[in-house]
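Trainee: Dropping in upload_20.cif, which is mmCIF, C-alpha atoms and all ligand atoms:
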```
data_work
loop_
_atom_site.label_atom_id
_atom_site.label_comp_id
_atom_site.auth_asym_id
_atom_site.auth_seq_id
_atom_site.Cartn_x
_atom_site.Cartn_y
_atom_site.Cartn_z
CA MET A 221 -79.34 -30.83 -21.83
CA LYS A 222 -75.55 -30.72 -21.56
CA LYS A 223 -75.32 -28.20 -24.37
CA LEU A 224 -77.88 -25.99 -22.67
CA LEU A 225 -76.07 -26.20 -19.34
CA CYS A 226 -72.78 -25.23 -20.96
CA LEU A 227 -74.48 -22.35 -22.72
CA LEU A 228 -76.02 -21.17 -19.47
CA ALA A 229 -72.71 -21.49 -17.68
CA ALA A 230 -71.04 -19.49 -20.45
CA LEU A 231 -73.72 -16.83 -20.28
CA CYS A 232 -73.31 -16.58 -16.54
CA MET A 233 -69.58 -16.16 -16.73
CA ALA A 234 -69.97 -13.53 -19.40
CA GLY A 235 -72.65 -11.64 -17.53
CA THR A 236 -73.20 -10.51 -13.99
CA MET A 237 -74.80 -13.70 -12.72
CA VAL A 238 -72.87 -15.41 -10.01
CA THR A 239 -73.25 -19.15 -10.26
CA ALA A 240 -72.34 -21.53 -13.03
CA LEU A 241 -73.48 -25.12 -13.04
CA SER A 242 -71.59 -28.09 -14.29
CA GLU A 243 -73.37 -31.24 -15.34
CA GLU A 244 -72.41 -32.82 -12.00
CA ASP A 245 -74.22 -30.14 -10.02
CA SER A 246 -77.62 -31.25 -11.19
CA SER A 247 -79.31 -34.58 -10.81
CA ILE A 248 -82.55 -36.17 -11.83
CA ALA A 249 -83.41 -39.24 -9.78
CA ASP A 250 -86.40 -41.41 -10.46
CA ILE A 251 -87.38 -42.82 -7.06
CA ALA A 252 -90.40 -45.11 -7.18
CA GLY A 253 -91.74 -43.32 -10.22
CA VAL A 254 -91.44 -39.86 -8.66
CA VAL A 255 -88.90 -37.73 -10.48
CA MET A 256 -86.71 -35.66 -8.16
CA ILE A 257 -84.73 -32.88 -9.76
CA THR A 258 -82.01 -31.17 -7.74
CA TYR A 259 -79.58 -28.39 -8.53
CA ASN A 260 -76.60 -27.98 -6.21
CA ASN A 261 -78.41 -30.48 -3.96
CA VAL A 262 -81.45 -28.19 -3.70
CA PRO A 263 -84.67 -29.94 -4.74
CA TRP A 264 -86.77 -28.36 -7.45
CA ASN A 265 -90.35 -29.01 -6.36
CA PHE A 266 -92.18 -28.56 -9.61
CA PRO A 267 -93.09 -31.23 -12.17
CA ILE A 268 -91.13 -29.57 -15.00
CA ASP A 269 -87.37 -29.02 -15.03
CA PRO A 270 -86.63 -25.26 -15.12
CA MET A 271 -84.28 -25.93 -18.03
CA GLU A 272 -87.26 -27.12 -20.08
CA MET A 273 -89.33 -23.97 -19.67
CA ASP A 274 -88.84 -20.69 -21.47
CA PRO A 275 -89.63 -17.64 -19.29
CA ASP A 276 -90.39 -15.72 -22.49
CA THR A 277 -93.29 -18.01 -23.40
CA ILE A 278 -94.79 -19.15 -20.08
CA PHE A 279 -95.31 -15.70 -18.54
CA MET A 280 -98.80 -14.62 -17.63
CA VAL A 281 -100.67 -11.43 -18.48
CA ASN A 282 -104.03 -10.69 -16.88
CA LYS A 283 -106.01 -8.07 -14.98
CA HIS A 284 -103.38 -8.01 -12.22
CA MET A 285 -100.22 -8.68 -14.20
CA PHE A 286 -99.66 -5.96 -16.76
CA LEU A 287 -97.29 -5.55 -19.67
CA SER A 288 -95.75 -2.10 -20.04
CA ASP A 289 -96.80 0.24 -22.84
CA ASP A 290 -93.42 -0.25 -24.53
CA TYR A 291 -93.55 -4.07 -24.48
CA VAL A 292 -93.39 -5.28 -28.06
CA PRO A 293 -92.34 -8.90 -28.73
CA ASP A 294 -89.03 -8.77 -30.61
CA ASP A 295 -89.65 -11.60 -33.05
CA LEU A 296 -93.06 -10.88 -34.49
CA VAL A 297 -93.66 -12.33 -37.94
CA GLU A 298 -96.46 -11.71 -40.39
CA MET A 299 -98.66 -14.77 -40.86
CA LYS A 300 -98.81 -15.93 -44.47
CA LYS A 301 -102.01 -16.85 -46.26
CA LEU A 302 -102.56 -20.55 -46.84
CA LYS A 303 -101.85 -21.89 -50.31
CA LEU A 304 -102.48 -25.53 -51.10
CA ASP A 305 -101.19 -27.51 -54.08
CA LYS A 306 -103.39 -30.01 -55.92
CA ASP A 307 -102.48 -32.71 -53.40
CA GLY A 308 -103.55 -30.53 -50.50
CA ASN A 309 -100.04 -29.73 -49.29
CA ASN A 310 -99.43 -26.38 -47.59
CA THR A 311 -96.96 -24.71 -49.99
CA SER A 312 -96.90 -21.24 -48.42
CA GLY A 313 -96.34 -22.14 -44.78
CA GLY A 314 -99.48 -20.16 -44.06
CA VAL A 315 -102.89 -20.44 -42.42
CA ARG A 316 -106.43 -19.46 -43.33
CA MET A 317 -107.26 -15.99 -42.04
CA VAL A 318 -110.61 -14.28 -41.56
CA ASP A 319 -109.57 -10.89 -42.86
CA GLY A 320 -106.41 -8.85 -43.05
CA THR A 321 -103.23 -10.35 -41.73
CA TRP A 322 -101.95 -10.96 -38.25
CA GLN A 323 -98.60 -11.06 -36.57
CA LEU A 324 -97.46 -13.59 -33.97
CA GLN A 325 -94.14 -14.41 -32.34
CA ARG A 326 -92.18 -16.68 -34.67
CA GLU A 327 -92.22 -19.77 -32.44
CA CYS A 328 -95.96 -19.42 -31.89
CA ALA A 329 -96.57 -18.72 -35.60
CA GLU A 330 -94.74 -21.90 -36.65
CA ALA A 331 -96.60 -23.95 -34.05
CA LEU A 332 -99.92 -22.54 -35.25
CA VAL A 333 -99.18 -23.50 -38.87
CA ALA A 334 -98.38 -27.04 -37.69
CA LEU A 335 -101.58 -27.16 -35.62
CA CYS A 336 -103.76 -25.96 -38.52
CA ASP A 337 -102.10 -28.42 -40.93
CA ALA A 338 -102.77 -31.28 -38.51
CA ALA A 339 -106.37 -30.13 -38.06
CA ARG A 340 -106.83 -30.07 -41.85
CA ALA A 341 -105.43 -33.60 -42.10
CA ALA A 342 -108.08 -34.59 -39.55
CA GLY A 343 -110.81 -32.91 -41.62
CA HIS A 344 -111.06 -29.57 -39.77
CA GLU A 345 -110.43 -26.16 -41.31
CA LEU A 346 -109.36 -23.53 -38.79
CA TYR A 347 -109.22 -19.75 -39.35
CA LEU A 348 -106.99 -17.27 -37.56
CA LYS A 349 -109.18 -14.39 -36.45
CA SER A 350 -106.86 -12.37 -34.22
CA GLY A 351 -103.20 -12.34 -33.25
CA TYR A 352 -100.79 -9.78 -31.81
CA ARG A 353 -102.38 -6.56 -30.63
CA SER A 354 -100.19 -3.65 -29.54
CA TYR A 355 -100.67 -1.76 -26.28
CA TYR A 356 -101.85 1.24 -28.28
CA LYS A 357 -104.36 -0.71 -30.33
CA GLN A 358 -105.78 -2.10 -27.08
CA ALA A 359 -105.80 1.42 -25.60
CA VAL A 360 -107.86 2.72 -28.53
CA MET A 361 -110.33 -0.16 -28.17
CA TYR A 362 -110.56 0.41 -24.41
CA GLU A 363 -111.02 4.15 -24.65
CA ASN A 364 -113.66 3.80 -27.37
CA ARG A 365 -115.56 1.50 -25.05
CA LEU A 366 -115.21 3.93 -22.13
CA GLU A 367 -116.45 6.75 -24.30
CA LYS A 368 -119.46 4.73 -25.41
CA TYR A 369 -120.57 3.61 -21.95
CA GLY A 370 -118.94 6.15 -19.66
CA TYR A 371 -117.39 3.44 -17.50
CA ASP A 372 -115.44 0.17 -17.78
CA ASP A 373 -118.12 -2.48 -18.36
CA GLY A 374 -115.51 -5.26 -18.37
CA TRP A 375 -115.95 -6.32 -21.99
CA VAL A 376 -112.75 -4.83 -23.38
CA THR A 377 -109.54 -5.71 -21.56
CA LYS A 378 -107.43 -2.83 -20.29
CA PRO A 379 -104.27 -1.90 -22.18
CA GLY A 380 -101.37 -3.93 -20.79
CA ALA A 381 -103.66 -6.72 -19.55
CA SER A 382 -104.42 -8.38 -22.88
CA ASP A 383 -103.00 -11.79 -23.72
CA HIS A 384 -102.88 -10.59 -27.32
CA GLN A 385 -100.07 -8.12 -26.50
CA THR A 386 -97.75 -11.08 -25.83
CA GLY A 387 -97.77 -12.10 -29.50
CA LEU A 388 -98.38 -15.62 -28.18
CA GLY A 389 -102.17 -15.47 -27.96
CA CYS A 390 -104.46 -15.98 -30.93
CA ASP A 391 -108.12 -16.47 -31.71
CA VAL A 392 -108.76 -19.50 -33.93
CA VAL A 393 -112.28 -20.27 -35.17
CA PRO A 394 -114.20 -22.74 -37.37
CA LYS A 395 -115.31 -21.58 -40.82
CA ASN A 396 -118.94 -20.99 -39.90
CA TRP A 397 -117.88 -18.65 -37.09
CA THR A 398 -115.65 -16.41 -39.18
CA ASP A 399 -118.34 -13.73 -39.56
CA ARG A 400 -120.29 -14.23 -36.33
CA GLY A 401 -119.92 -12.70 -32.91
CA MET A 402 -117.98 -15.16 -30.79
CA ASN A 403 -119.58 -16.86 -27.82
CA GLU A 404 -119.15 -20.07 -25.87
CA ASP A 405 -121.55 -22.03 -28.11
CA MET A 406 -118.58 -22.32 -30.45
CA ALA A 407 -117.24 -25.02 -28.13
CA LYS A 408 -119.85 -27.43 -29.55
CA GLU A 409 -118.15 -27.35 -32.96
CA ALA A 410 -116.02 -30.35 -33.90
CA GLU A 411 -113.15 -27.99 -34.80
CA CYS A 412 -113.06 -26.56 -31.27
CA GLN A 413 -113.24 -29.99 -29.71
CA TRP A 414 -110.31 -31.05 -31.87
CA MET A 415 -108.36 -27.96 -30.77
CA ALA A 416 -109.02 -28.62 -27.10
CA ALA A 417 -107.90 -32.24 -27.47
CA HIS A 418 -104.78 -31.57 -29.57
CA CYS A 419 -103.53 -28.02 -28.93
CA ALA A 420 -101.03 -29.12 -26.26
CA GLU A 421 -99.24 -31.33 -28.81
CA PHE A 422 -98.24 -28.08 -30.52
CA GLY A 423 -97.39 -26.17 -27.34
CA PHE A 424 -100.74 -24.38 -26.98
CA ILE A 425 -103.23 -24.20 -24.13
CA LEU A 426 -106.81 -23.00 -23.97
CA ARG A 427 -106.09 -19.75 -22.16
CA TYR A 428 -109.64 -19.22 -20.83
CA PRO A 429 -111.21 -22.59 -19.89
CA SER A 430 -114.90 -22.94 -19.02
CA ASP A 431 -114.37 -23.97 -15.40
CA LYS A 432 -111.76 -21.34 -14.51
CA GLU A 433 -113.63 -18.09 -15.02
CA ASP A 434 -113.20 -17.17 -11.35
CA LEU A 435 -109.42 -17.40 -11.72
CA THR A 436 -108.90 -15.96 -15.21
CA GLU A 437 -111.65 -13.36 -14.72
CA ILE A 438 -112.42 -13.84 -18.39
CA ASN A 439 -115.43 -15.69 -19.81
CA TYR A 440 -114.92 -19.08 -21.40
CA GLU A 441 -113.25 -18.61 -24.79
CA PRO A 442 -112.98 -21.91 -26.72
CA TRP A 443 -111.21 -19.97 -29.52
CA HIS A 444 -108.37 -18.29 -27.61
CA LEU A 445 -105.16 -20.33 -27.81
CA ARG A 446 -102.03 -19.30 -25.97
CA TYR A 447 -98.61 -20.64 -26.87
CA VAL A 448 -96.56 -21.66 -23.81
CA GLY A 449 -94.40 -24.36 -25.44
CA ASN A 450 -94.01 -27.90 -24.32
CA PRO A 451 -93.85 -29.48 -21.76
CA ALA A 452 -95.75 -26.67 -19.97
CA ALA A 453 -98.71 -27.00 -22.38
CA THR A 454 -98.97 -30.74 -21.80
CA TYR A 455 -98.82 -30.33 -18.02
CA ILE A 456 -101.46 -27.58 -18.05
CA MET A 457 -103.91 -29.35 -20.38
CA GLU A 458 -103.50 -32.84 -18.89
CA ASN A 459 -104.18 -31.51 -15.41
CA GLY A 460 -107.03 -29.21 -16.39
CA LEU A 461 -105.26 -26.07 -15.16
CA CYS A 462 -105.39 -22.49 -16.31
CA LEU A 463 -102.27 -20.36 -16.65
CA GLU A 464 -103.08 -18.60 -13.37
CA GLU A 465 -102.91 -21.92 -11.48
CA PHE A 466 -99.75 -22.98 -13.30
CA GLN A 467 -98.09 -19.67 -12.39
CA MET A 468 -99.21 -19.91 -8.75
CA GLN A 469 -97.53 -23.32 -8.49
CA LEU A 470 -94.44 -22.15 -10.35
CA GLN A 471 -93.97 -18.97 -8.31
CA ALA A 472 -94.26 -21.00 -5.09
CA ALA A 473 -91.66 -23.49 -6.37
CA VAL A 474 -89.29 -20.66 -7.34
CA GLU A 475 -89.62 -19.03 -3.91
CA GLU A 476 -88.97 -22.32 -2.13
CA PHE A 477 -85.99 -23.11 -4.36
CA LEU A 478 -84.39 -19.71 -3.78
CA ALA A 479 -85.05 -19.82 -0.02
CA ALA A 480 -83.26 -23.19 0.12
CA GLY A 481 -80.23 -21.70 -1.66
CA GLY A 482 -80.90 -22.96 -5.19
CA PRO A 483 -78.94 -21.23 -7.98
CA SER A 484 -80.92 -18.09 -8.76
CA PHE A 485 -79.94 -17.76 -12.42
CA LEU A 486 -81.88 -20.94 -13.17
CA VAL A 487 -85.20 -19.56 -12.01
CA GLU A 488 -85.06 -15.78 -11.71
CA GLY A 489 -86.45 -15.39 -15.25
CA PHE A 490 -89.70 -16.95 -14.04
CA VAL A 491 -90.34 -14.32 -11.38
CA GLN A 492 -93.11 -12.11 -12.67
CA VAL A 493 -93.42 -8.43 -11.85
CA SER A 494 -96.37 -6.43 -13.05
CA ALA A 495 -95.92 -3.23 -14.99
CA GLU A 496 -97.90 -0.19 -13.91
CA ASP A 497 -101.66 -0.19 -14.54
CA LYS A 498 -101.98 3.18 -16.22
CA TYR A 499 -105.74 2.91 -16.23
CA SER A 500 -106.10 2.02 -12.54
CA ARG A 501 -108.60 4.84 -11.97
CA TYR A 502 -111.20 2.95 -13.98
ZN ZN A 601 -108.42 -13.69 -27.84
#
```
Translate this structure into structure tokens?
Mentor:
Amino acid sequence: MKKLLCLLAALCMAGTMVTALSEEDSSIADIAGVVMITYNNVPWNFPIDPMEMDPDTIFMVNKHMFLSDDYVPDDLVEMKKLKLDKDGNNTSGGVRMVDGTWQLQRECAEALVALCDAARAAGHELYLKSGYRSYYKQAVMYENRLEKYGYDDGWVTKPGASDHQTGLGCDVVPKNWTDRGMNEDMAKEAECQWMAAHCAEFGFILRYPSDKEDLTEINYEPWHLRYVGNPAATYIMENGLCLEEFQMQLQAAVEEFLAAGGPSFLVEGFVQVSAEDKYSRY
């Protein structure tokens, strides 16, 4: 914590941001089991310390919050194929993949390898079926769909609105679903139940839960994991939230904090602004 604060203070002095914090400016008090976090005496009314969340992993993309056509995650890595030695140890640092290879952001990729290794140790083999998808790849998929049906039938997400463009979203399926069309029946598989129960331990959430379709505007997808890091993943999964609800709470907390004079550099990275919807006519 202290290291991070010093780093932030150093960054602020080097850059254009105005406030630097010293360790004394922040406090975490545990009053009757309720943790109160304050910065410069301004309370932070959110269950997770802003210093413990990474704006680059908890951001939300959906049908109202678009990524721009030039957004490409800067630390994409190619996923390696799984190789096991005779004792069953993962010697390649890879995962099983359905076909081809996929890229993910490094932090997400490493977490996914750890998740798949843990699943294997528990007797479940998981397969990566989809990872990073560029704006242009999504645009081709979307336009092909438009051409086929003449209108947007809602089954292919618009370019800029796909969680896969973040490089933090991935589709992970059991072996007997690797060559089948995906649908919510997959949730009955032991592998998917294991994922739902354990994904948060590795910083993942189920991005499209069954009971949140009205908020995500996406059908239940027991296979789509989204990396948000911990402790955000634990908070989201333990409280049965979707990312939309998490972001609603967070944006409200940020607004309140700033209105009360809280140091802006601590939270301004969390403020989300949508890029242009270039396909708004559809
Ligand atoms: Zn997906």
Trainee: Using all atoms listed in the file, which residues have at least one atom no more than 8 Å from ligand ZN 601 (chain A)? Output them as a PDB file with C-alpha atoms, in the frame of the given file.
Mentor:
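Wrote pocket.pdb, looks like this:
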```
ATOM      1  CA  SER A 350    -106.860 -12.370 -34.220  1.00  0.00           C
ATOM      2  CA  GLY A 351    -103.200 -12.340 -33.250  1.00  0.00           C
ATOM      3  CA  ASP A 383    -103.000 -11.790 -23.720  1.00  0.00           C
ATOM      4  CA  HIS A 384    -102.880 -10.590 -27.320  1.00  0.00           C
ATOM      5  CA  GLY A 389    -102.170 -15.470 -27.960  1.00  0.00           C
ATOM      6  CA  CYS A 390    -104.460 -15.980 -30.930  1.00  0.00           C
ATOM      7  CA  ASP A 391    -108.120 -16.470 -31.710  1.00  0.00           C
ATOM      8  CA  GLU A 441    -113.250 -18.610 -24.790  1.00  0.00           C
ATOM      9  CA  TRP A 443    -111.210 -19.970 -29.520  1.00  0.00           C
ATOM     10  CA  HIS A 444    -108.370 -18.290 -27.610  1.00  0.00           C
ATOM     11  CA  LEU A 445    -105.160 -20.330 -27.810  1.00  0.00           C
TER      12      LEU A 445
END
```
Trainee: Quick one: distance from CA of Asn265 (chain A) to CA of Ala473 (chain A) in Å, one decimal?
Mentor: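 Distance between the two atoms: 5.7 Å.
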Trainee: Kindly provide the residues of region 294-355 of chain A that approach region 417-421 of chain A to within 10 Å, each paired with its closest atom pair and their distance in Å to one decimal, based on only C-alpha atoms, listed by chain and increasing number, as CSV.
Mentor:
```
residue,atom,partner,partner_atom,distance
A:Ala331,CA,A:Glu421,CA,9.4
A:Leu332,CA,A:Cys419,CA,9.1
A:Ala334,CA,A:Glu421,CA,9.9
A:Leu335,CA,A:Cys419,CA,7.0
A:Cys336,CA,A:Cys419,CA,9.8
A:Ala338,CA,A:His418,CA,9.2
A:Ala339,CA,A:His418,CA,8.8
```
Trainee: Under the rule that only C-alpha atoms are counted, which of A:Glu496, A:Ala359, A:Leu470, A:Leu435 is the nearest residue to Pro275 (chain A)?
Mentor: A:Leu470
Trainee: Which one is closest to Gln471 (chain A): A:Tyr440, A:Phe279, A:Tyr499, A:Tyr362? Count all atoms listed in the file.
Mentor: A:Phe279
Trainee: Rank nothing, just name the residue among A:Cys412, A:Ala381, A:Leu463, A:Leu304 nearest to Met285 (chain A), using all atoms listed in the file.
Mentor: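 Distance minimum relative to Met285 (chain A) lands on A:Ala381.
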Trainee: May I have a table of the residues of region 317-416 of chain A lying at most 9 Å from region 291-302 of chain A, giving each one's closest pair of atoms and their distance in Å to one decimal, counting only C-alpha atoms, ordered by chain and ascending residue number, as CSV?
Mentor:
```
residue,atom,partner,partner_atom,distance
A:Met317,CA,A:Lys301,CA,6.8
A:Thr321,CA,A:Met299,CA,6.4
A:Trp322,CA,A:Met299,CA,5.7
A:Gln323,CA,A:Glu298,CA,4.4
A:Leu324,CA,A:Leu296,CA,5.2
A:Gln325,CA,A:Leu296,CA,4.3
A:Arg326,CA,A:Val297,CA,5.6
A:Glu327,CA,A:Asp295,CA,8.6
A:Ala329,CA,A:Met299,CA,6.9
A:Val333,CA,A:Met299,CA,9.0
A:Tyr352,CA,A:Leu296,CA,8.3
A:Ser354,CA,A:Val292,CA,7.1
A:Tyr355,CA,A:Tyr291,CA,7.7
A:Gly380,CA,A:Tyr291,CA,8.6
A:Gln385,CA,A:Val292,CA,7.4
A:Thr386,CA,A:Pro293,CA,6.5
A:Gly387,CA,A:Pro293,CA,6.3
```
Trainee: From the list A:Asn403, A:Ser246, A:Ser500, A:Asn364, which residue is nearest Pro483 (chain A) when using all atoms listed in the file?
Mentor: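 Closest to Pro483 (chain A) of all the choices is A:Ser246.
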Trainee: I'd like the interatomic distance between CA of Gly308 (chain A) and CA of Leu426 (chain A), to a tenth of an Å.
Mentor: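 Between CA of Gly308 (chain A) and CA of Leu426 (chain A) the gap is 27.8 Å.
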Trainee: Tell me which protein, DNA and RNA residues are within 12 Å of Thr377 (chain A), counting all atoms listed in the file, leaving out same-chain ones fewer than 4 positions away, and put them as a PyMOL selection string.
Mentor: chain A and resi 281-284+286+353+355+357-366+372-373+381-385+437-439+497+499+502
Trainee: Kindly list the centre and edge lengths in Å, rounded to one decimal, for the axis-aligned box that covers all listed atoms of region 402-420 of chain A plus 8 Å on each of its six sides, as AutoDock Vina command-line options.
Mentor:
```
--center_x -111.3 --center_y -23.7 --center_z -30.3 --size_x 36.5 --size_y 33.1 --size_z 24.9
```
Trainee: Work out how far CA of Leu461 (chain A) is from CA of Arg446 (chain A), in Å to one decimal.
Mentor: 13.2 Å
Trainee: If you keep N, CA and C atoms, can you output region 405-423 of chain A as a JSON list (two decimals), in the first residue's frame?
Mentor:
```
[["chain", "number", "residue", "atom", "x", "y", "z"],
["A", 405, "ASP", "N", -27.96, -24.50, -21.79],
["A", 405, "ASP", "CA", -27.93, -25.86, -21.22],
["A", 405, "ASP", "C", -26.53, -26.24, -20.74],
["A", 406, "MET", "N", -25.53, -25.57, -21.28],
["A", 406, "MET", "CA", -24.15, -25.85, -20.87],
["A", 406, "MET", "C", -23.96, -25.66, -19.35],
["A", 407, "ALA", "N", -24.79, -24.81, -18.77],
["A", 407, "ALA", "CA", -24.66, -24.52, -17.34],
["A", 407, "ALA", "C", -24.85, -25.76, -16.47],
["A", 408, "LYS", "N", -25.51, -26.81, -17.04],
["A", 408, "LYS", "CA", -25.74, -28.03, -16.25],
["A", 408, "LYS", "C", -24.47, -28.86, -16.11],
["A", 409, "GLU", "N", -23.46, -28.57, -16.94],
["A", 409, "GLU", "CA", -22.23, -29.37, -16.90],
["A", 409, "GLU", "C", -21.44, -29.08, -15.64],
["A", 410, "ALA", "N", -20.81, -30.13, -15.11],
["A", 410, "ALA", "CA", -20.03, -29.97, -13.87],
["A", 410, "ALA", "C", -18.92, -28.94, -14.06],
["A", 411, "GLU", "N", -18.34, -28.90, -15.28],
["A", 411, "GLU", "CA", -17.25, -27.95, -15.54],
["A", 411, "GLU", "C", -17.72, -26.50, -15.35],
["A", 412, "CYS", "N", -18.94, -26.23, -15.85],
["A", 412, "CYS", "CA", -19.46, -24.86, -15.76],
["A", 412, "CYS", "C", -19.82, -24.51, -14.32],
["A", 413, "GLN", "N", -20.31, -25.51, -13.61],
["A", 413, "GLN", "CA", -20.63, -25.26, -12.20],
["A", 413, "GLN", "C", -19.36, -24.99, -11.39],
["A", 414, "TRP", "N", -18.30, -25.71, -11.75],
["A", 414, "TRP", "CA", -17.01, -25.45, -11.09],
["A", 414, "TRP", "C", -16.54, -24.04, -11.41],
["A", 415, "MET", "N", -16.65, -23.64, -12.67],
["A", 415, "MET", "CA", -16.22, -22.29, -13.08],
["A", 415, "MET", "C", -16.98, -21.21, -12.32],
["A", 416, "ALA", "N", -18.30, -21.39, -12.22],
["A", 416, "ALA", "CA", -19.12, -20.39, -11.53],
["A", 416, "ALA", "C", -18.71, -20.28, -10.06],
["A", 417, "ALA", "N", -18.38, -21.43, -9.47],
["A", 417, "ALA", "CA", -18.05, -21.44, -8.03],
["A", 417, "ALA", "C", -16.64, -20.91, -7.76],
["A", 418, "HIS", "N", -15.72, -21.08, -8.73],
["A", 418, "HIS", "CA", -14.30, -20.78, -8.45],
["A", 418, "HIS", "C", -13.69, -19.66, -9.27],
["A", 419, "CYS", "N", -14.39, -19.15, -10.28],
["A", 419, "CYS", "CA", -13.75, -18.16, -11.17],
["A", 419, "CYS", "C", -13.24, -16.93, -10.42],
["A", 420, "ALA", "N", -13.99, -16.49, -9.40],
["A", 420, "ALA", "CA", -13.59, -15.26, -8.69],
["A", 420, "ALA", "C", -12.22, -15.42, -8.01],
["A", 421, "GLU", "N", -11.89, -16.65, -7.61],
["A", 421, "GLU", "CA", -10.59, -16.87, -6.96],
["A", 421, "GLU", "C", -9.45, -16.49, -7.90],
["A", 422, "PHE", "N", -9.73, -16.48, -9.18],
["A", 422, "PHE", "CA", -8.69, -16.17, -10.18],
["A", 422, "PHE", "C", -8.92, -14.80, -10.82],
["A", 423, "GLY", "N", -9.85, -14.03, -10.26],
["A", 423, "GLY", "CA", -10.10, -12.67, -10.75],
["A", 423, "GLY", "C", -11.13, -12.58, -11.86]]
```
